[in-house]
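structure-v1.cif, holding mmCIF, N, CA and C atoms:
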data_coords
#
loop_
_atom_site.label_atom_id
_atom_site.label_comp_id
_atom_site.auth_asym_id
_atom_site.auth_seq_id
_atom_site.Cartn_x
_atom_site.Cartn_y
_atom_site.Cartn_z
N MET N 1 71.95 -154.38 123.83
CA MET N 1 72.96 -154.17 122.83
C MET N 1 73.50 -155.53 122.40
N LYS N 2 73.59 -155.70 121.13
CA LYS N 2 74.08 -156.96 120.61
C LYS N 2 75.60 -157.04 120.77
N ARG N 3 76.07 -158.28 120.82
CA ARG N 3 77.49 -158.50 121.02
C ARG N 3 78.32 -157.91 119.88
N ARG N 4 77.88 -158.04 118.68
CA ARG N 4 78.61 -157.54 117.52
C ARG N 4 78.74 -156.00 117.58
N VAL N 5 77.68 -155.31 117.92
CA VAL N 5 77.69 -153.86 118.03
C VAL N 5 78.62 -153.43 119.16
N PHE N 6 78.58 -154.17 120.26
CA PHE N 6 79.45 -153.86 121.40
C PHE N 6 80.91 -153.99 121.01
N PHE N 7 81.30 -155.07 120.35
CA PHE N 7 82.68 -155.28 119.93
C PHE N 7 83.12 -154.24 118.90
N GLN N 8 82.25 -153.85 117.98
CA GLN N 8 82.59 -152.83 117.00
C GLN N 8 82.84 -151.48 117.68
N ALA N 9 81.98 -151.15 118.62
CA ALA N 9 82.13 -149.88 119.35
C ALA N 9 83.42 -149.90 120.19
N THR N 10 83.68 -151.03 120.84
CA THR N 10 84.89 -151.16 121.64
C THR N 10 86.13 -151.02 120.78
N LEU N 11 86.15 -151.68 119.63
CA LEU N 11 87.28 -151.61 118.72
C LEU N 11 87.49 -150.19 118.22
N LYS N 12 86.40 -149.52 117.91
CA LYS N 12 86.48 -148.15 117.41
C LYS N 12 87.09 -147.22 118.48
N TYR N 13 86.65 -147.32 119.73
CA TYR N 13 87.15 -146.44 120.78
C TYR N 13 88.57 -146.77 121.19
N VAL N 14 88.93 -148.03 121.20
CA VAL N 14 90.31 -148.42 121.52
C VAL N 14 91.25 -147.93 120.41
N SER N 15 90.83 -148.06 119.16
CA SER N 15 91.64 -147.57 118.04
C SER N 15 91.80 -146.06 118.11
N LEU N 16 90.73 -145.36 118.42
CA LEU N 16 90.78 -143.91 118.54
C LEU N 16 91.72 -143.49 119.68
N ALA N 17 91.65 -144.18 120.80
CA ALA N 17 92.54 -143.88 121.93
C ALA N 17 94.00 -144.14 121.56
N GLY N 18 94.25 -145.23 120.84
CA GLY N 18 95.62 -145.55 120.41
C GLY N 18 96.17 -144.51 119.46
N LEU N 19 95.36 -144.08 118.50
CA LEU N 19 95.81 -143.04 117.57
C LEU N 19 96.06 -141.72 118.29
N SER N 20 95.21 -141.43 119.26
CA SER N 20 95.40 -140.19 120.04
C SER N 20 96.71 -140.25 120.81
N ALA N 21 96.99 -141.38 121.43
CA ALA N 21 98.23 -141.54 122.18
C ALA N 21 99.44 -141.42 121.26
N LEU N 22 99.38 -142.02 120.09
CA LEU N 22 100.48 -141.92 119.13
C LEU N 22 100.70 -140.47 118.70
N THR N 23 99.62 -139.75 118.50
CA THR N 23 99.73 -138.34 118.11
C THR N 23 100.41 -137.53 119.21
N VAL N 24 99.99 -137.75 120.44
CA VAL N 24 100.58 -137.01 121.57
C VAL N 24 102.06 -137.34 121.69
N PHE N 25 102.43 -138.61 121.60
CA PHE N 25 103.82 -138.99 121.74
C PHE N 25 104.68 -138.49 120.58
N SER N 26 104.11 -138.34 119.41
CA SER N 26 104.90 -137.85 118.28
C SER N 26 105.03 -136.34 118.29
N ILE N 27 104.08 -135.63 118.88
CA ILE N 27 104.13 -134.17 118.91
C ILE N 27 105.08 -133.68 120.00
N ILE N 28 105.05 -134.30 121.15
CA ILE N 28 105.88 -133.83 122.26
C ILE N 28 106.79 -134.94 122.79
N PRO N 29 107.71 -135.42 121.97
CA PRO N 29 108.57 -136.52 122.42
C PRO N 29 109.60 -136.10 123.46
N ASP N 30 109.98 -134.82 123.48
CA ASP N 30 111.01 -134.37 124.41
C ASP N 30 110.60 -134.56 125.86
N ILE N 31 109.32 -134.45 126.14
CA ILE N 31 108.85 -134.61 127.51
C ILE N 31 109.12 -136.02 128.01
N PHE N 32 109.03 -136.99 127.12
CA PHE N 32 109.14 -138.38 127.53
C PHE N 32 110.53 -138.96 127.34
N ASN N 33 111.33 -138.41 126.43
CA ASN N 33 112.60 -139.03 126.08
C ASN N 33 113.83 -138.26 126.53
N LYS N 34 113.76 -136.96 126.60
CA LYS N 34 114.95 -136.17 126.81
C LYS N 34 115.37 -136.16 128.28
N LYS N 35 116.63 -136.46 128.50
CA LYS N 35 117.19 -136.37 129.83
C LYS N 35 117.83 -135.00 129.97
N ARG N 36 117.63 -134.38 131.10
CA ARG N 36 118.20 -133.07 131.33
C ARG N 36 119.59 -133.22 131.91
N SER N 37 120.49 -132.38 131.45
CA SER N 37 121.82 -132.37 132.01
C SER N 37 122.08 -131.01 132.63
N VAL N 38 122.89 -131.00 133.66
CA VAL N 38 123.19 -129.77 134.38
C VAL N 38 124.67 -129.49 134.23
N LYS N 39 124.97 -128.24 133.87
CA LYS N 39 126.36 -127.80 133.74
C LYS N 39 126.69 -126.96 134.97
N LYS N 40 127.79 -127.29 135.61
CA LYS N 40 128.21 -126.58 136.82
C LYS N 40 129.40 -125.69 136.47
N ILE N 41 129.30 -124.40 136.79
CA ILE N 41 130.35 -123.44 136.50
C ILE N 41 130.80 -122.80 137.81
N ILE N 42 132.07 -122.95 138.13
CA ILE N 42 132.62 -122.33 139.33
C ILE N 42 133.11 -120.94 138.94
N LEU N 43 132.53 -119.92 139.54
CA LEU N 43 132.83 -118.53 139.17
C LEU N 43 133.98 -117.93 139.96
N GLY N 44 134.27 -118.47 141.12
CA GLY N 44 135.34 -117.95 141.96
C GLY N 44 134.84 -117.70 143.37
N LYS N 45 135.71 -117.18 144.21
CA LYS N 45 135.33 -116.91 145.60
C LYS N 45 134.42 -115.70 145.66
N ALA N 46 133.41 -115.78 146.50
CA ALA N 46 132.45 -114.69 146.64
C ALA N 46 133.13 -113.40 147.08
N SER N 47 134.12 -113.50 147.96
CA SER N 47 134.81 -112.30 148.45
C SER N 47 135.59 -111.61 147.33
N ASP N 48 136.12 -112.39 146.38
CA ASP N 48 136.85 -111.81 145.25
C ASP N 48 135.89 -111.23 144.21
N ILE N 49 134.79 -111.95 143.94
CA ILE N 49 133.84 -111.54 142.91
C ILE N 49 133.15 -110.23 143.28
N PHE N 50 132.72 -110.14 144.54
CA PHE N 50 131.92 -109.00 144.97
C PHE N 50 132.72 -108.03 145.84
N SER N 51 134.03 -107.94 145.63
CA SER N 51 134.85 -107.04 146.44
C SER N 51 134.62 -105.58 146.08
N SER N 52 134.44 -105.28 144.79
CA SER N 52 134.30 -103.88 144.39
C SER N 52 132.92 -103.52 143.86
N ASN N 53 132.09 -104.51 143.57
CA ASN N 53 130.73 -104.21 143.09
C ASN N 53 129.77 -105.31 143.55
N THR N 54 128.50 -105.09 143.33
CA THR N 54 127.49 -106.03 143.81
C THR N 54 126.98 -106.97 142.73
N ALA N 55 127.53 -106.87 141.52
CA ALA N 55 127.06 -107.73 140.43
C ALA N 55 128.17 -107.99 139.43
N ILE N 56 128.11 -109.16 138.81
CA ILE N 56 129.01 -109.47 137.70
C ILE N 56 128.17 -109.98 136.53
N VAL N 57 128.70 -109.77 135.35
CA VAL N 57 128.04 -110.26 134.13
C VAL N 57 128.92 -111.36 133.58
N GLN N 58 128.33 -112.52 133.33
CA GLN N 58 129.07 -113.68 132.83
C GLN N 58 128.41 -114.17 131.54
N LYS N 59 129.21 -114.37 130.52
CA LYS N 59 128.71 -114.92 129.26
C LYS N 59 128.95 -116.42 129.30
N VAL N 60 127.88 -117.20 129.20
CA VAL N 60 127.97 -118.66 129.22
C VAL N 60 127.29 -119.17 127.97
N ASN N 61 128.10 -119.81 127.09
CA ASN N 61 127.62 -120.23 125.77
C ASN N 61 127.05 -119.01 125.06
N ASP N 62 125.77 -119.03 124.72
CA ASP N 62 125.15 -117.87 124.07
C ASP N 62 124.25 -117.09 125.02
N GLU N 63 124.40 -117.33 126.30
CA GLU N 63 123.53 -116.72 127.28
C GLU N 63 124.32 -115.76 128.17
N THR N 64 123.72 -114.60 128.45
CA THR N 64 124.33 -113.65 129.37
C THR N 64 123.65 -113.78 130.72
N VAL N 65 124.46 -113.93 131.74
CA VAL N 65 123.96 -114.15 133.10
C VAL N 65 124.48 -113.03 133.98
N ILE N 66 123.61 -112.52 134.86
CA ILE N 66 124.01 -111.51 135.83
C ILE N 66 123.90 -112.15 137.22
N ILE N 67 125.02 -112.15 137.95
CA ILE N 67 125.05 -112.70 139.30
C ILE N 67 125.13 -111.51 140.24
N VAL N 68 124.19 -111.45 141.18
CA VAL N 68 124.02 -110.28 142.04
C VAL N 68 124.11 -110.69 143.50
N GLN N 69 124.78 -109.85 144.28
CA GLN N 69 124.74 -109.99 145.73
C GLN N 69 123.85 -108.86 146.23
N ASN N 70 122.66 -109.22 146.74
CA ASN N 70 121.68 -108.19 147.10
C ASN N 70 122.02 -107.55 148.45
N THR N 71 121.18 -106.65 148.90
CA THR N 71 121.45 -105.87 150.11
C THR N 71 121.53 -106.73 151.36
N THR N 72 120.91 -107.90 151.36
CA THR N 72 120.97 -108.79 152.52
C THR N 72 122.15 -109.76 152.45
N GLY N 73 122.94 -109.69 151.37
CA GLY N 73 124.10 -110.56 151.21
C GLY N 73 123.82 -111.83 150.44
N GLU N 74 122.57 -112.06 150.09
CA GLU N 74 122.20 -113.26 149.34
C GLU N 74 122.69 -113.13 147.89
N ILE N 75 123.18 -114.23 147.34
CA ILE N 75 123.66 -114.23 145.96
C ILE N 75 122.64 -114.92 145.08
N GLN N 76 122.25 -114.23 143.99
CA GLN N 76 121.27 -114.76 143.05
C GLN N 76 121.79 -114.57 141.64
N ALA N 77 121.32 -115.42 140.72
CA ALA N 77 121.73 -115.32 139.32
C ALA N 77 120.49 -115.24 138.45
N PHE N 78 120.55 -114.41 137.41
CA PHE N 78 119.43 -114.20 136.52
C PHE N 78 119.90 -114.22 135.07
N ASN N 79 119.03 -114.70 134.20
CA ASN N 79 119.26 -114.56 132.78
C ASN N 79 119.07 -113.08 132.47
N ALA N 80 119.98 -112.49 131.71
CA ALA N 80 119.95 -111.05 131.47
C ALA N 80 119.00 -110.65 130.35
N THR N 81 118.17 -111.56 129.87
CA THR N 81 117.23 -111.25 128.80
C THR N 81 115.93 -110.73 129.40
N CYS N 82 115.53 -109.54 128.97
CA CYS N 82 114.28 -108.95 129.44
C CYS N 82 113.10 -109.82 128.99
N THR N 83 112.15 -110.01 129.86
CA THR N 83 110.99 -110.86 129.56
C THR N 83 109.95 -110.15 128.70
N HIS N 84 110.16 -108.88 128.41
CA HIS N 84 109.20 -108.15 127.58
C HIS N 84 109.49 -108.34 126.09
N ALA N 85 110.70 -107.94 125.65
CA ALA N 85 111.00 -107.99 124.22
C ALA N 85 112.33 -108.67 123.91
N GLY N 86 113.00 -109.21 124.92
CA GLY N 86 114.23 -109.95 124.68
C GLY N 86 115.50 -109.12 124.64
N CYS N 87 115.43 -107.86 125.03
CA CYS N 87 116.64 -107.03 125.09
C CYS N 87 117.45 -107.43 126.33
N MET N 88 118.69 -106.98 126.40
CA MET N 88 119.53 -107.27 127.55
C MET N 88 119.29 -106.24 128.65
N VAL N 89 119.14 -106.72 129.87
CA VAL N 89 119.01 -105.82 131.01
C VAL N 89 120.39 -105.57 131.59
N GLU N 90 120.52 -104.47 132.31
CA GLU N 90 121.77 -104.11 132.97
C GLU N 90 121.49 -103.90 134.44
N TRP N 91 122.49 -104.19 135.26
CA TRP N 91 122.36 -103.99 136.70
C TRP N 91 122.72 -102.55 137.05
N ASN N 92 121.85 -101.89 137.81
CA ASN N 92 122.09 -100.53 138.30
C ASN N 92 122.51 -100.66 139.76
N ASP N 93 123.79 -100.46 140.02
CA ASP N 93 124.35 -100.70 141.34
C ASP N 93 123.82 -99.73 142.39
N THR N 94 123.57 -98.48 142.00
CA THR N 94 123.11 -97.49 142.98
C THR N 94 121.66 -97.72 143.39
N GLN N 95 120.82 -98.19 142.46
CA GLN N 95 119.40 -98.41 142.76
C GLN N 95 119.09 -99.87 143.07
N HIS N 96 120.08 -100.75 142.98
CA HIS N 96 119.90 -102.19 143.22
C HIS N 96 118.73 -102.74 142.42
N SER N 97 118.79 -102.51 141.10
CA SER N 97 117.71 -102.97 140.22
C SER N 97 118.27 -103.22 138.82
N PHE N 98 117.50 -103.97 138.05
CA PHE N 98 117.84 -104.24 136.66
C PHE N 98 117.07 -103.27 135.77
N HIS N 99 117.74 -102.73 134.75
CA HIS N 99 117.10 -101.79 133.85
C HIS N 99 117.23 -102.28 132.41
N CYS N 100 116.13 -102.17 131.67
CA CYS N 100 116.14 -102.51 130.25
C CYS N 100 116.04 -101.20 129.47
N ARG N 101 117.03 -100.94 128.64
CA ARG N 101 117.06 -99.68 127.89
C ARG N 101 116.06 -99.65 126.74
N CYS N 102 115.66 -100.80 126.25
CA CYS N 102 114.79 -100.83 125.06
C CYS N 102 113.44 -100.15 125.31
N HIS N 103 112.76 -100.54 126.37
CA HIS N 103 111.41 -100.03 126.61
C HIS N 103 111.21 -99.51 128.04
N GLY N 104 112.31 -99.33 128.77
CA GLY N 104 112.22 -98.73 130.10
C GLY N 104 111.78 -99.67 131.19
N GLY N 105 111.91 -100.96 130.99
CA GLY N 105 111.52 -101.91 132.03
C GLY N 105 112.50 -101.88 133.20
N ILE N 106 111.96 -102.00 134.40
CA ILE N 106 112.78 -102.03 135.61
C ILE N 106 112.36 -103.24 136.44
N PHE N 107 113.35 -103.99 136.90
CA PHE N 107 113.13 -105.16 137.75
C PHE N 107 113.86 -104.92 139.07
N ASN N 108 113.25 -105.34 140.18
CA ASN N 108 113.93 -105.19 141.47
C ASN N 108 115.05 -106.21 141.60
N GLU N 109 115.76 -106.21 142.73
CA GLU N 109 116.91 -107.09 142.89
C GLU N 109 116.54 -108.57 142.99
N LYS N 110 115.26 -108.87 143.13
CA LYS N 110 114.80 -110.26 143.10
C LYS N 110 114.33 -110.67 141.70
N GLY N 111 114.42 -109.74 140.73
CA GLY N 111 114.06 -110.03 139.35
C GLY N 111 112.60 -109.78 139.02
N ASP N 112 111.83 -109.26 139.97
CA ASP N 112 110.40 -108.99 139.73
C ASP N 112 110.23 -107.65 139.03
N PRO N 113 109.31 -107.57 138.05
CA PRO N 113 109.10 -106.30 137.35
C PRO N 113 108.43 -105.28 138.28
N ILE N 114 108.96 -104.05 138.27
CA ILE N 114 108.38 -103.00 139.12
C ILE N 114 107.97 -101.77 138.31
N ALA N 115 108.44 -101.66 137.05
CA ALA N 115 108.06 -100.52 136.22
C ALA N 115 108.24 -100.89 134.76
N GLY N 116 107.48 -100.21 133.91
CA GLY N 116 107.60 -100.43 132.48
C GLY N 116 106.72 -101.56 131.99
N PRO N 117 106.92 -101.98 130.75
CA PRO N 117 106.02 -102.98 130.15
C PRO N 117 106.21 -104.43 130.60
N PRO N 118 107.37 -104.87 131.15
CA PRO N 118 107.49 -106.29 131.49
C PRO N 118 106.46 -106.73 132.54
N LYS N 119 105.87 -107.89 132.30
CA LYS N 119 104.90 -108.45 133.25
C LYS N 119 105.46 -109.65 134.00
N LYS N 120 106.43 -110.34 133.37
CA LYS N 120 107.00 -111.54 133.98
C LYS N 120 108.35 -111.20 134.61
N PRO N 121 108.72 -111.92 135.68
CA PRO N 121 110.03 -111.69 136.28
C PRO N 121 111.15 -112.24 135.41
N LEU N 122 112.37 -111.78 135.69
CA LEU N 122 113.54 -112.33 135.01
C LEU N 122 113.67 -113.80 135.39
N ARG N 123 114.21 -114.57 134.46
CA ARG N 123 114.37 -116.00 134.73
C ARG N 123 115.55 -116.19 135.67
N GLN N 124 115.26 -116.76 136.84
CA GLN N 124 116.29 -116.96 137.85
C GLN N 124 116.99 -118.29 137.60
N LEU N 125 118.29 -118.29 137.81
CA LEU N 125 119.11 -119.49 137.65
C LEU N 125 119.60 -119.94 139.01
N GLN N 126 119.92 -121.21 139.10
CA GLN N 126 120.37 -121.75 140.38
C GLN N 126 121.82 -121.38 140.63
N VAL N 127 122.08 -120.86 141.80
CA VAL N 127 123.43 -120.51 142.22
C VAL N 127 123.60 -120.98 143.66
N ASP N 128 124.81 -121.39 143.98
CA ASP N 128 125.07 -121.92 145.32
C ASP N 128 126.46 -121.45 145.76
N ILE N 129 126.71 -121.48 147.05
CA ILE N 129 128.02 -121.14 147.57
C ILE N 129 128.57 -122.39 148.26
N ARG N 130 129.73 -122.82 147.83
CA ARG N 130 130.40 -123.96 148.46
C ARG N 130 130.99 -123.44 149.77
N THR N 131 130.48 -123.94 150.88
CA THR N 131 130.86 -123.39 152.19
C THR N 131 132.33 -123.63 152.53
N SER N 132 132.90 -124.74 152.10
CA SER N 132 134.29 -125.03 152.46
C SER N 132 135.28 -124.07 151.80
N THR N 133 134.98 -123.62 150.58
CA THR N 133 135.92 -122.76 149.85
C THR N 133 135.36 -121.37 149.58
N ASN N 134 134.10 -121.13 149.91
CA ASN N 134 133.42 -119.85 149.66
C ASN N 134 133.33 -119.54 148.17
N GLU N 135 133.27 -120.60 147.33
CA GLU N 135 133.18 -120.41 145.88
C GLU N 135 131.72 -120.31 145.44
N VAL N 136 131.47 -119.43 144.48
CA VAL N 136 130.14 -119.27 143.90
C VAL N 136 130.03 -120.23 142.73
N ILE N 137 128.99 -121.07 142.75
CA ILE N 137 128.78 -122.06 141.70
C ILE N 137 127.46 -121.77 141.00
N LEU N 138 127.51 -121.67 139.68
CA LEU N 138 126.34 -121.43 138.86
C LEU N 138 125.94 -122.74 138.19
N TYR N 139 124.67 -123.09 138.26
CA TYR N 139 124.17 -124.32 137.65
C TYR N 139 123.27 -123.94 136.47
N LEU N 140 123.59 -124.49 135.30
CA LEU N 140 122.78 -124.26 134.12
C LEU N 140 122.28 -125.61 133.62
N ASP N 141 120.97 -125.73 133.40
CA ASP N 141 120.44 -126.96 132.82
C ASP N 141 120.18 -126.74 131.34
N ASP N 142 119.70 -127.80 130.67
CA ASP N 142 119.45 -127.73 129.22
C ASP N 142 118.48 -126.60 128.87
N ALA N 143 117.51 -126.33 129.75
CA ALA N 143 116.50 -125.33 129.45
C ALA N 143 117.09 -123.92 129.48
N SER N 144 118.14 -123.71 130.26
CA SER N 144 118.69 -122.37 130.35
C SER N 144 119.88 -122.14 129.43
N MET N 145 120.33 -123.17 128.72
CA MET N 145 121.47 -123.00 127.80
C MET N 145 120.99 -122.83 126.39
#
Can you dump the structure from the file as structure tokens?
Amino acid sequence: MKRRVFFQATLKYVSLAGLSALTVFSIIPDIFNKKRSVKKIILGKASDIFSSNTAIVQKVNDETVIIVQNTTGEIQAFNATCTHAGCMVEWNDTQHSFHCRCHGGIFNEKGDPIAGPPKKPLRQLQVDIRTSTNEVILYLDDASM
């Protein structure tokens, strides 16, 4: 291979790689530039929140969140949007499950689909209990707001 042909081929492939990289960076800039922020919401003491029922519904910004204390006492939080068609799910306290009225979807207390058309589980949100005060803290990041 002659030197001139080699340099032309090298220049062509380096230019192609550079253009490809520019295309990727311009199409998906959020992956490389966006910093995620986390919003912390203190909901109150667990004993007060779950004194009369096993779930509460909280509206945060434009999102509806259901915080559940399951049969083992564990506290979990879920986005209340059904993963099938985007309708709101409701907590059924007697059956310890989430129900979607739109298409009959049912999710167990861990958010997994058990009946109806939904195939994906409910989106779970991070929740924690501050041990010193027994307060339930909900964490929402940019992706969940």
Q: Record the distance separating CA of Trp91 (chain N) and CA of Ile66 (chain N), expressed in Å with one decimal.
A: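 CA of Ile66 (chain N) lies at a distance of 7.7 Å from CA of Trp91 (chain N).
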Q: List the residues matched by the PyMOL selection byres ((chain N and resi 68) around 7) in the displayed structure as a ChimeraX atom specification, ordered by chain and then by residue number.
A: /N:54-56,66-67,69-70,74-78
Output for the residues just chosen: N, CA and C atoms as a PDB file, in the coordinates of the input:
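Produced file selection_19.pdb, reproduced below:
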ATOM      1  N   THR N  54     128.500-105.090 143.330  1.00  0.00           N
ATOM      2  CA  THR N  54     127.490-106.030 143.810  1.00  0.00           C
ATOM      3  C   THR N  54     126.980-106.970 142.730  1.00  0.00           C
ATOM      4  N   ALA N  55     127.530-106.870 141.520  1.00  0.00           N
ATOM      5  CA  ALA N  55     127.060-107.730 140.430  1.00  0.00           C
ATOM      6  C   ALA N  55     128.170-107.990 139.430  1.00  0.00           C
ATOM      7  N   ILE N  56     128.110-109.160 138.810  1.00  0.00           N
ATOM      8  CA  ILE N  56     129.010-109.470 137.700  1.00  0.00           C
ATOM      9  C   ILE N  56     128.170-109.980 136.530  1.00  0.00           C
ATOM     10  N   ILE N  66     123.610-112.520 134.860  1.00  0.00           N
ATOM     11  CA  ILE N  66     124.010-111.510 135.830  1.00  0.00           C
ATOM     12  C   ILE N  66     123.900-112.150 137.220  1.00  0.00           C
ATOM     13  N   ILE N  67     125.020-112.150 137.950  1.00  0.00           N
ATOM     14  CA  ILE N  67     125.050-112.700 139.300  1.00  0.00           C
ATOM     15  C   ILE N  67     125.130-111.510 140.240  1.00  0.00           C
ATOM     16  N   GLN N  69     124.780-109.850 144.280  1.00  0.00           N
ATOM     17  CA  GLN N  69     124.740-109.990 145.730  1.00  0.00           C
ATOM     18  C   GLN N  69     123.850-108.860 146.230  1.00  0.00           C
ATOM     19  N   ASN N  70     122.660-109.220 146.740  1.00  0.00           N
ATOM     20  CA  ASN N  70     121.680-108.190 147.100  1.00  0.00           C
ATOM     21  C   ASN N  70     122.020-107.550 148.450  1.00  0.00           C
ATOM     22  N   GLU N  74     122.570-112.060 150.090  1.00  0.00           N
ATOM     23  CA  GLU N  74     122.200-113.260 149.340  1.00  0.00           C
ATOM     24  C   GLU N  74     122.690-113.130 147.890  1.00  0.00           C
ATOM     25  N   ILE N  75     123.180-114.230 147.340  1.00  0.00           N
ATOM     26  CA  ILE N  75     123.660-114.230 145.960  1.00  0.00           C
ATOM     27  C   ILE N  75     122.640-114.920 145.080  1.00  0.00           C
ATOM     28  N   GLN N  76     122.250-114.230 143.990  1.00  0.00           N
ATOM     29  CA  GLN N  76     121.270-114.760 143.050  1.00  0.00           C
ATOM     30  C   GLN N  76     121.790-114.570 141.640  1.00  0.00           C
ATOM     31  N   ALA N  77     121.320-115.420 140.720  1.00  0.00           N
ATOM     32  CA  ALA N  77     121.730-115.320 139.320  1.00  0.00           C
ATOM     33  C   ALA N  77     120.490-115.240 138.450  1.00  0.00           C
ATOM     34  N   PHE N  78     120.550-114.410 137.410  1.00  0.00           N
ATOM     35  CA  PHE N  78     119.430-114.200 136.520  1.00  0.00           C
ATOM     36  C   PHE N  78     119.900-114.220 135.070  1.00  0.00           C
TER      37      PHE N  78
END
Q: Could you please give me, as JSON, numbers by chain, the residues of protein, DNA or RNA lying at most 12 Å from (116.4, -100.8, 132.2) in the coordinate frame of the file, considering only C-alpha atoms?
A: {"N": [80, 81, 82, 83, 84, 87, 88, 89, 90, 91, 92, 95, 96, 97, 98, 99, 100, 101, 102, 103, 104, 105, 106, 107, 108, 111, 113, 114, 115, 116, 117, 118]}
Q: Calculate how many Å separate atom C of Arg3 (chain N) from atom N of Ser15 (chain N), rounding to one decimal.
A: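 We find that atom C of Arg3 (chain N) and atom N of Ser15 (chain N) lie 15.9 Å from each other.
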Residues within 8 Å of Leu43 (chain N), please, as a compact mmCIF listing (two decimals) with N, CA and C atoms, in the frame of the given file. Count only N, CA and C atoms; anything in the same chain fewer than 6 positions from it doesn't count.
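What ended up in selection.txt:
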# COMPACT_ATOMS: atom_id res chain seq x y z
N ILE N 49 134.79 -111.95 143.94
CA ILE N 49 133.84 -111.54 142.91
C ILE N 49 133.15 -110.23 143.28
N GLU N 135 133.27 -120.60 147.33
CA GLU N 135 133.18 -120.41 145.88
C GLU N 135 131.72 -120.31 145.44
N VAL N 136 131.47 -119.43 144.48
CA VAL N 136 130.14 -119.27 143.90
C VAL N 136 130.03 -120.23 142.73
N ILE N 137 128.99 -121.07 142.75
CA ILE N 137 128.78 -122.06 141.70
C ILE N 137 127.46 -121.77 141.00
N LEU N 138 127.51 -121.67 139.68
CA LEU N 138 126.34 -121.43 138.86
C LEU N 138 125.94 -122.74 138.19
Q: Enumerate the residues of chain N with a DSSP assignment of alpha helix (DSSP H), computed from the backbone, and present them as an NGL selection string.
A: :N and (3-27 or 29-33 or 46-49)
Q: Work out how far apart CA of Asp62 (chain N) and CA of Arg130 (chain N) are and give it in Å to one decimal.
A: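 Those two atoms sit 25.7 Å apart.
The set of residues in region 76-111 of chain N assigned to strand (DSSP E or B) by DSSP, using only backbone atoms of this structure, is Gln76, Ala77, Phe78, Asn79, Thr81, Met88, Val89, Glu90, Trp91, Asn92, Ser97, Phe98, His99, Cys100, Ile106, Phe107 and Asn108 of chain N.
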Q: Using only C-alpha atoms, pick whichever of N:Ile129, N:Val38, N:Leu140, N:Leu19 has the shortest atom-to-atom distance to Asn61 (chain N).
A: N:Leu140
Q.
Between N:Leu11, N:Asp93, N:Ile41, N:Met1, which residue has the minimum interatomic distance to Asn53 (chain N), considering all atoms listed in the file?
A.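 Among the listed residues, the smallest separation from Asn53 (chain N) belongs to N:Asp93.
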